Amino acid sequence: MDGAHSAALQLQQLPPTSSASALSETSFSYKENLIGALLAIFGHLVVSIALNLQKYCHIRLAGSKDPRAYFKTKTWWLGLFLMLLGELGVFASYAFAPLSLIVPLSAVSVIASAIIGIIFIKEKWKPKDFLRRYVLSFVGCGLAVVGTYLLVTFAPNSHEKMTGENVTKHLVSWPFLLYMLVEIILFCLLLYFYKEKNANNIVVILLLVALLGSMTVVTVKAVAGMLVLSIQGNLQLDYPIFYVMFVCMVATAVYQAAFLSQASQMYDSSLIASVGYILSTTIAITAGAIFYLDFIGEDVLHICMFALGCLIAFLGVFLITRNRKKAIPFEPYISMDAMPDSYLHNRQLLFKRYSNSRNIPHHYLESL
């Protein structure tokens with residue numbers, strides 16, 4: 001009788017123990033999410049400060065005869081150091097938090113650039129444009145902050161050690177192989193229209209960037225996770241999959257930068273920032289959900305709130321970037337005001353004299 005009573009007591013003690021273990025694992029996953037989110041936010045903030053420091057240095061030395069005078073300034077090198085530090089923080093964040101949480105946090109860099117651009121670089125607008133520009137920018141910053149809060153609060157809590165076996169298992173899973181097939185076909189079609197049909201639409205170019213970027217973040221998380229495990233004592237560098245993912249990470253990042261450079265030559269940087277953020281974030285979250293199964297086990301409410309956070313962040317970034325000044329694509333080194341009056345007068349006389357002549361080539365008249 002006493003034995004049955006003691007057995008019943010043991011059975012009654014089991015559920016609380018398992019419940020406490022589950023609660024501990026949940027709190028640990030939230031802690032890892034918080035560490036990853038803080039690292040990503042810190043990294044994006046530092047990168048924004050670094051870019052604006054270098055921009056400030058270039059603006060100050062715009063009239064210098066030496067095209068590389070900024071190499072001799074401490075400000076530019078400080079910006080380079082901060083940029084490397086920020087990128088290291090963003091890279092490390094992928095090892096702690098799910099990919100679906102880290103990718104949308106790049107909105108922090110847009111918020112920081114908007115604020116620093118006003119305070120540090122002292123970008124000025126006309127008084128009549130104050131309400132149209134400043135208010136929308138601050139509303140965009142507020143929306144982006146709200147969206148970031150929702151992203152961090154309702155982010156998926158899927159945590160898996162990035163061992164060589166786990167990465168290989170995800171890489172050869174049929175959902176990811178199917179996703180890769182669709183992505184490769186779409187990428188080839190877009191590349192064909194871009195190169196052969198001269199489809200230079202910004203959506204086409206930034207879709208190419210986003211497709212490459214989705215593979216970049218997938219491989220970055222694998223490489224960062226395996227490096228962190230190796231530092232902790234569980235060596236992962238002897239797995240061939242580590243080097244496969246590392247080569248894919250570098251290759252996709254290089255080609256992604258090449259397409260971004262081409263886009264920056266044809267379109268305004270603010271338009272690239274907003275459209276690129278929306279496309280890259282959407283495709284990267286999709287890739288992470290398929291490869292790392294980020295949303296497996298999450299309830300519908302959390303997924304809907306996470307999606308709402310993404311939409312609010314998208315709207316905030318759009319409002320921040322839509323009213324930025326458009327960059328001047330070309331400014332002549334010699335101003336027309338610096339030309340002698342006699343030269344300008346003779347140029348106008350020549351154009352009037354020969355503009356009605358049919359024997360003068362059109363390109364010659366344009367050169368006058």
# chains A, B, ... in the order shown; residues from 1 in each chain; ligands from 1
call {"tool": "residues_around", "arguments": {"residues": "Gly316 in chain A", "least_positions_apart": "3", "cutoff": "12 Å", "atoms": "only C-alpha atoms", "output": "JSON, numbers by chain"}}
result
{"A": [107, 108, 110, 111, 114, 136, 137, 138, 139, 140, 141, 142, 143, 144, 145, 146, 147, 148, 273, 274, 277, 278, 309, 310, 311, 312, 313, 319, 320, 321, 322]}
call {"tool": "write_last_selection", "arguments": {"atoms": "C-alpha atoms", "output": "compact mmCIF listing (two decimals), in the first residue's frame"}}
result
# COMPACT_ATOMS: atom_id res chain seq x y z
CA ALA A 107 15.47 48.78 -40.97
CA VAL A 108 17.47 50.10 -38.00
CA VAL A 110 17.60 53.27 -42.39
CA ILE A 111 16.24 54.89 -39.20
CA ALA A 114 17.70 59.39 -41.46
CA LEU A 136 6.80 62.08 -43.03
CA SER A 137 10.36 61.11 -42.13
CA PHE A 138 9.63 61.15 -38.40
CA VAL A 139 6.37 59.25 -38.93
CA GLY A 140 8.35 56.71 -40.93
CA CYS A 141 10.90 56.42 -38.11
CA GLY A 142 8.09 55.87 -35.61
CA LEU A 143 6.47 53.19 -37.76
CA ALA A 144 9.80 51.47 -38.31
CA VAL A 145 10.44 51.44 -34.55
CA VAL A 146 6.97 49.96 -33.90
CA GLY A 147 7.53 47.37 -36.60
CA THR A 148 10.93 46.47 -35.14
CA ALA A 273 16.92 51.47 -50.21
CA SER A 274 13.13 51.19 -49.89
CA TYR A 277 14.65 46.42 -48.27
CA ILE A 278 11.12 45.20 -49.02
CA GLY A 309 5.53 43.96 -37.85
CA CYS A 310 7.16 43.39 -41.24
CA LEU A 311 4.44 45.39 -43.03
CA ILE A 312 4.71 48.29 -40.57
CA ALA A 313 8.51 48.30 -40.93
CA LEU A 319 8.17 56.94 -45.76
CA ILE A 320 11.73 57.60 -44.57
CA THR A 321 13.32 57.16 -47.98
CA ARG A 322 10.70 58.64 -50.30
call {"tool": "select_by_dssp", "arguments": {"residues": "range 85-334 of chain A", "states": "alpha helix (DSSP H)", "output": "ChimeraX atom specification"}}
result
/A:85-93,99-102,107-119,130,136-153,164-171,174-195,202-231,240-266,269-291,300-322
call {"tool": "residues_around", "arguments": {"residues": "range 283-293 of chain A", "least_positions_apart": "3", "cutoff": "9 Å", "atoms": "only C-alpha atoms", "output": "ChimeraX atom specification"}}
result
/A:98-101,103-104,158,160,167,170-171,173,175-176,179,207,210-211,213-218,278-280,296
call {"tool": "closest_residue", "arguments": {"among": "A:Leu105, A:Ala251, A:Val135, A:Leu260", "to": "Gly276 in chain A", "atoms": "only C-alpha atoms"}}
result
A:Leu260
call {"tool": "atom_distance", "arguments": {"atom1": "CA of Met162 in chain A", "atom2": "CA of Val209 in chain A"}}
result
25.7 Å
call {"tool": "closest_residue", "arguments": {"among": "A:Leu82, A:Ala69, A:Tyr94, A:Ile59", "to": "Ala40 in chain A", "atoms": "only C-alpha atoms"}}
result
A:Tyr94
call {"tool": "residues_around", "arguments": {"residues": "range 297-299 of chain A", "least_positions_apart": "2", "cutoff": "10 Å", "atoms": "only C-alpha atoms", "output": "list in words"}}
result
Phe154, Ala155, Pro156, Asn157, Ser158, Leu293, Asp294, Phe295, Leu301, His302, Ile303 and Cys304 of chain A
call {"tool": "write_last_selection", "arguments": {"atoms": "all heavy atoms", "output": "short mmCIF file (atom, residue, chain, number, x, y, z; two decimals), in the first residue's frame"}}
result
data_model
loop_
_atom_site.label_atom_id
_atom_site.label_comp_id
_atom_site.auth_asym_id
_atom_site.auth_seq_id
_atom_site.Cartn_x
_atom_site.Cartn_y
_atom_site.Cartn_z
N PHE A 154 7.49 39.09 -31.43
CA PHE A 154 6.77 37.93 -31.97
C PHE A 154 7.63 37.13 -32.95
O PHE A 154 7.10 36.40 -33.79
CB PHE A 154 5.49 38.39 -32.68
CG PHE A 154 4.49 39.02 -31.75
CD1 PHE A 154 4.39 40.39 -31.64
CD2 PHE A 154 3.67 38.23 -30.96
CE1 PHE A 154 3.48 40.98 -30.78
CE2 PHE A 154 2.75 38.81 -30.10
CZ PHE A 154 2.65 40.18 -30.00
N ALA A 155 8.94 37.25 -32.84
CA ALA A 155 9.84 36.48 -33.73
C ALA A 155 9.76 35.00 -33.39
O ALA A 155 9.46 34.62 -32.25
CB ALA A 155 11.26 36.98 -33.57
N PRO A 156 10.02 34.14 -34.35
CA PRO A 156 10.02 32.69 -34.06
C PRO A 156 11.12 32.32 -33.09
O PRO A 156 12.17 32.97 -33.03
CB PRO A 156 10.27 32.06 -35.45
CG PRO A 156 10.88 33.14 -36.27
CD PRO A 156 10.31 34.42 -35.76
N ASN A 157 10.88 31.29 -32.31
CA ASN A 157 11.83 30.85 -31.28
C ASN A 157 12.50 29.53 -31.64
O ASN A 157 12.88 28.75 -30.77
CB ASN A 157 11.13 30.71 -29.93
CG ASN A 157 10.73 32.04 -29.35
OD1 ASN A 157 11.54 32.96 -29.31
ND2 ASN A 157 9.48 32.16 -28.93
N SER A 158 12.63 29.27 -32.92
CA SER A 158 13.27 28.03 -33.35
C SER A 158 14.79 28.18 -33.22
O SER A 158 15.39 29.06 -33.83
CB SER A 158 12.90 27.71 -34.80
OG SER A 158 13.32 28.74 -35.66
N LEU A 293 13.40 26.14 -41.20
CA LEU A 293 12.09 25.80 -40.62
C LEU A 293 11.78 26.72 -39.42
O LEU A 293 11.40 26.27 -38.34
CB LEU A 293 12.05 24.33 -40.18
CG LEU A 293 12.44 23.30 -41.25
CD1 LEU A 293 12.47 21.91 -40.66
CD2 LEU A 293 11.49 23.36 -42.43
N ASP A 294 11.95 28.02 -39.65
CA ASP A 294 11.84 29.00 -38.56
C ASP A 294 10.47 29.01 -37.90
O ASP A 294 10.36 29.23 -36.69
CB ASP A 294 12.17 30.40 -39.08
CG ASP A 294 13.66 30.62 -39.27
OD1 ASP A 294 14.44 29.78 -38.77
OD2 ASP A 294 14.05 31.60 -39.92
N PHE A 295 9.41 28.81 -38.70
CA PHE A 295 8.06 29.00 -38.17
C PHE A 295 7.37 27.69 -37.81
O PHE A 295 6.17 27.68 -37.52
CB PHE A 295 7.21 29.77 -39.19
CG PHE A 295 7.67 31.18 -39.40
CD1 PHE A 295 8.52 31.49 -40.45
CD2 PHE A 295 7.29 32.18 -38.54
CE1 PHE A 295 8.96 32.79 -40.64
CE2 PHE A 295 7.72 33.49 -38.72
CZ PHE A 295 8.56 33.80 -39.78
N LEU A 301 -1.28 33.28 -34.21
CA LEU A 301 -1.25 34.66 -33.72
C LEU A 301 0.16 35.24 -33.82
O LEU A 301 0.34 36.38 -34.27
CB LEU A 301 -1.74 34.70 -32.27
CG LEU A 301 -1.69 36.09 -31.61
CD1 LEU A 301 -2.59 37.07 -32.35
CD2 LEU A 301 -2.09 35.99 -30.13
N HIS A 302 1.17 34.47 -33.40
CA HIS A 302 2.54 34.95 -33.47
C HIS A 302 2.97 35.21 -34.91
O HIS A 302 3.63 36.22 -35.20
CB HIS A 302 3.49 33.94 -32.81
CG HIS A 302 3.64 34.14 -31.34
ND1 HIS A 302 2.61 33.86 -30.46
CD2 HIS A 302 4.68 34.58 -30.58
CE1 HIS A 302 3.02 34.12 -29.23
NE2 HIS A 302 4.28 34.57 -29.27
N ILE A 303 2.59 34.33 -35.81
CA ILE A 303 2.96 34.50 -37.22
C ILE A 303 2.29 35.74 -37.80
O ILE A 303 2.92 36.52 -38.53
CB ILE A 303 2.59 33.24 -38.03
CG1 ILE A 303 3.41 32.04 -37.54
CG2 ILE A 303 2.82 33.46 -39.52
CD1 ILE A 303 3.03 30.73 -38.20
N CYS A 304 1.01 35.94 -37.47
CA CYS A 304 0.29 37.12 -37.98
C CYS A 304 0.88 38.41 -37.42
O CYS A 304 1.03 39.40 -38.15
CB CYS A 304 -1.19 37.01 -37.63
SG CYS A 304 -2.08 35.72 -38.54
#
call {"tool": "atom_distance", "arguments": {"atom1": "CA of Ala112 in chain A", "atom2": "CA of Gly79 in chain A"}}
result
15.0 Å
call {"tool": "atom_distance", "arguments": {"atom1": "CA of Gly43 in chain A", "atom2": "CA of Val220 in chain A"}}
result
15.0 Å
call {"tool": "residues_around", "arguments": {"residues": "Val152 in chain A", "least_positions_apart": "6", "cutoff": "8 Å", "atoms": "only C-alpha atoms", "output": "VMD selection string"}}
result
chain A and resid 33 to 34 37 101
call {"tool": "residues_around", "arguments": {"residues": "Val204 in chain A", "least_positions_apart": "5", "cutoff": "10 Å", "atoms": "only C-alpha atoms", "output": "list in words"}}
result
Phe187, Leu190, Leu191, Phe193, Tyr194, Ala199, Val209, Ala210 and Ala263 of chain A
call {"tool": "decode", "arguments": {"residues": "range 267-281 of chain A", "atoms": "all heavy atoms", "output": "CSV table (one decimal), in the first residue's frame"}}
result
chain,number,residue,atom,x,y,z
A,267,TYR,N,19.5,54.5,-60.7
A,267,TYR,CA,18.3,54.9,-59.9
A,267,TYR,C,18.8,55.6,-58.6
A,267,TYR,O,20.0,55.5,-58.2
A,267,TYR,CB,17.5,53.7,-59.5
A,267,TYR,CG,16.8,53.1,-60.7
A,267,TYR,CD1,17.4,51.9,-61.3
A,267,TYR,CD2,15.6,53.6,-61.2
A,267,TYR,CE1,16.7,51.3,-62.4
A,267,TYR,CE2,15.0,53.0,-62.3
A,267,TYR,CZ,15.6,51.8,-62.9
A,267,TYR,OH,15.0,51.3,-64.0
A,268,ASP,N,17.9,56.4,-58.0
A,268,ASP,CA,18.2,57.1,-56.8
A,268,ASP,C,18.4,56.2,-55.6
A,268,ASP,O,17.8,55.1,-55.5
A,268,ASP,CB,17.1,58.1,-56.5
A,268,ASP,CG,17.4,58.9,-55.3
A,268,ASP,OD1,18.4,59.6,-55.3
A,268,ASP,OD2,16.6,58.8,-54.3
A,269,SER,N,19.4,56.5,-54.8
A,269,SER,CA,19.7,55.6,-53.6
A,269,SER,C,18.5,55.4,-52.7
A,269,SER,O,18.4,54.3,-52.1
A,269,SER,CB,20.9,56.2,-52.9
A,269,SER,OG,20.6,57.5,-52.4
A,270,SER,N,17.7,56.4,-52.5
A,270,SER,CA,16.5,56.3,-51.6
A,270,SER,C,15.5,55.3,-52.2
A,270,SER,O,15.0,54.5,-51.4
A,270,SER,CB,15.9,57.6,-51.4
A,270,SER,OG,15.4,58.1,-52.6
A,271,LEU,N,15.3,55.3,-53.5
A,271,LEU,CA,14.4,54.3,-54.1
A,271,LEU,C,15.0,52.9,-54.0
A,271,LEU,O,14.3,51.9,-53.7
A,271,LEU,CB,14.2,54.7,-55.5
A,271,LEU,CG,13.2,53.8,-56.3
A,271,LEU,CD1,11.8,53.9,-55.7
A,271,LEU,CD2,13.2,54.2,-57.8
A,272,ILE,N,16.3,52.8,-54.2
A,272,ILE,CA,17.0,51.5,-54.0
A,272,ILE,C,16.8,51.0,-52.6
A,272,ILE,O,16.6,49.8,-52.4
A,272,ILE,CB,18.4,51.6,-54.5
A,272,ILE,CG1,18.6,51.9,-55.9
A,272,ILE,CG2,19.2,50.3,-54.1
A,272,ILE,CD1,20.0,52.2,-56.4
A,273,ALA,N,17.0,51.9,-51.6
A,273,ALA,CA,16.9,51.5,-50.2
A,273,ALA,C,15.5,50.9,-49.8
A,273,ALA,O,15.4,49.9,-49.2
A,273,ALA,CB,17.3,52.6,-49.3
A,274,SER,N,14.5,51.6,-50.3
A,274,SER,CA,13.1,51.2,-49.9
A,274,SER,C,12.7,49.9,-50.6
A,274,SER,O,12.3,48.9,-50.0
A,274,SER,CB,12.1,52.3,-50.1
A,274,SER,OG,12.1,52.7,-51.5
A,275,VAL,N,12.8,49.9,-51.9
A,275,VAL,CA,12.4,48.7,-52.7
A,275,VAL,C,13.3,47.6,-52.4
A,275,VAL,O,12.8,46.4,-52.2
A,275,VAL,CB,12.5,49.1,-54.2
A,275,VAL,CG1,12.1,47.8,-55.0
A,275,VAL,CG2,11.5,50.2,-54.6
A,276,GLY,N,14.6,47.8,-52.3
A,276,GLY,CA,15.5,46.7,-52.0
A,276,GLY,C,15.3,46.1,-50.6
A,276,GLY,O,15.3,44.9,-50.4
A,277,TYR,N,14.9,46.9,-49.6
A,277,TYR,CA,14.6,46.4,-48.3
A,277,TYR,C,13.4,45.5,-48.3
A,277,TYR,O,13.4,44.4,-47.7
A,277,TYR,CB,14.5,47.6,-47.3
A,277,TYR,CG,14.0,47.2,-45.9
A,277,TYR,CD1,14.8,46.5,-45.0
A,277,TYR,CD2,12.6,47.4,-45.6
A,277,TYR,CE1,14.4,46.1,-43.8
A,277,TYR,CE2,12.2,47.0,-44.3
A,277,TYR,CZ,13.1,46.4,-43.4
A,277,TYR,OH,12.6,45.9,-42.2
A,278,ILE,N,12.4,46.0,-49.0
A,278,ILE,CA,11.1,45.2,-49.0
A,278,ILE,C,11.3,43.9,-49.7
A,278,ILE,O,11.0,42.8,-49.2
A,278,ILE,CB,10.0,46.0,-49.7
A,278,ILE,CG1,9.7,47.2,-48.8
A,278,ILE,CG2,8.8,45.2,-49.9
A,278,ILE,CD1,8.7,48.2,-49.5
A,279,LEU,N,12.0,43.9,-50.9
A,279,LEU,CA,12.1,42.7,-51.7
A,279,LEU,C,13.1,41.7,-51.0
A,279,LEU,O,12.8,40.5,-50.8
A,279,LEU,CB,12.6,43.0,-53.1
A,279,LEU,CG,11.7,43.7,-54.0
A,279,LEU,CD1,12.3,44.0,-55.3
A,279,LEU,CD2,10.4,42.9,-54.2
A,280,SER,N,14.2,42.2,-50.5
A,280,SER,CA,15.3,41.4,-49.9
A,280,SER,C,14.7,40.8,-48.6
A,280,SER,O,15.0,39.6,-48.3
A,280,SER,CB,16.5,42.2,-49.6
A,280,SER,OG,17.1,42.7,-50.8
A,281,THR,N,14.0,41.5,-47.8
A,281,THR,CA,13.5,41.0,-46.5
A,281,THR,C,12.5,39.9,-46.8
A,281,THR,O,12.5,38.9,-46.1
A,281,THR,CB,12.9,42.1,-45.7
A,281,THR,OG1,13.9,43.1,-45.4
A,281,THR,CG2,12.4,41.6,-44.4
